[in-house]
Amino acid sequence: MSGMGGGSPASNMTTMMQHPTKKMMMHMTFFWGKNMEMLFAGWPGSRTGMYALALVFIFFLSFLVEGLSHSRFVKPSGPNSSSSSVGLAQTLAHTVRVGLGYLVMLAVMSFNGGVFLAAVAGHSLGFLLFRSRVFKKPDDQPPAKTVAALPLHH
């Protein structure tokens with residue numbers, strides 16, 4: 001069949017997309033460089049400062065996703081809270097976390113190596129600060145479960 005396999009290696013790395021006003025190259029393998037588009041048309045473009053800002057933005061988004069994943073902003077039970085209002089608040093927090101996670105995923109799909117590393121670094125630092133035991137006090141740890149010895153019956 002025409003167009004399946006057998007293409008040159010260069011055709012497997014990039015795809016030319018036609019737009020009514022311009023041609024845009026979309027990478028299909030990881031590349032290193034500041035000239036790219038991510039999430040929004042023309043952003044970050046070819047300027048080094050905007051590329052650095054994009055990396056910081058993706059780092060922050062992935063860090064925030066980890067923070068939202070491992071934090072409990074809404075307690076499931078309280079004396080003055082109804083279960084429906086708690087459920088709606090939890091659903092809203094989940095919706096924001098999933099939306100931010102998809103933004104990070106779409107940014108990584110730009111196949112830019114710097115964006116990929118920024119996303120992984122943000123997730124890693126978020127996990128370190130919010131989930132790992134490195135910064136937890138002994139009081140924050142749940143007590144170890146002990147198993148009571150049961151008498152054996154013969």
# chains A, B, ... in the order shown; residues from 1 in each chain; ligands from 1
>>> residues_around(residues="Phe60 of chain A", least_positions_apart="3", cutoff="9 Å", atoms="only C-alpha atoms", output="PyMOL selection string")
chain A and resi 55-57+63-65+118-119+122-123
>>> closest_residue(among="A:Leu92, A:Met38, A:Met50, A:Val134", to="Met109 of chain A", atoms="only C-alpha atoms")
A:Met38
>>> atom_distance(atom1="atom CA of Thr29 of chain A", atom2="atom CA of Val108 of chain A")
11.3 Å
>>> closest_residue(among="A:Leu106, A:Leu68, A:Val115, A:Ala89", to="Arg131 of chain A", atoms="only C-alpha atoms")
A:Leu68
>>> select_by_dssp(residues="segment 34-138 of chain A", states="strand (DSSP E or B)", output="MDAnalysis selection string")
chainID A and resid 36:38 40:45 112
>>> atom_distance(atom1="atom CA of Ser132 of chain A", atom2="atom CA of Val120 of chain A")
15.8 Å
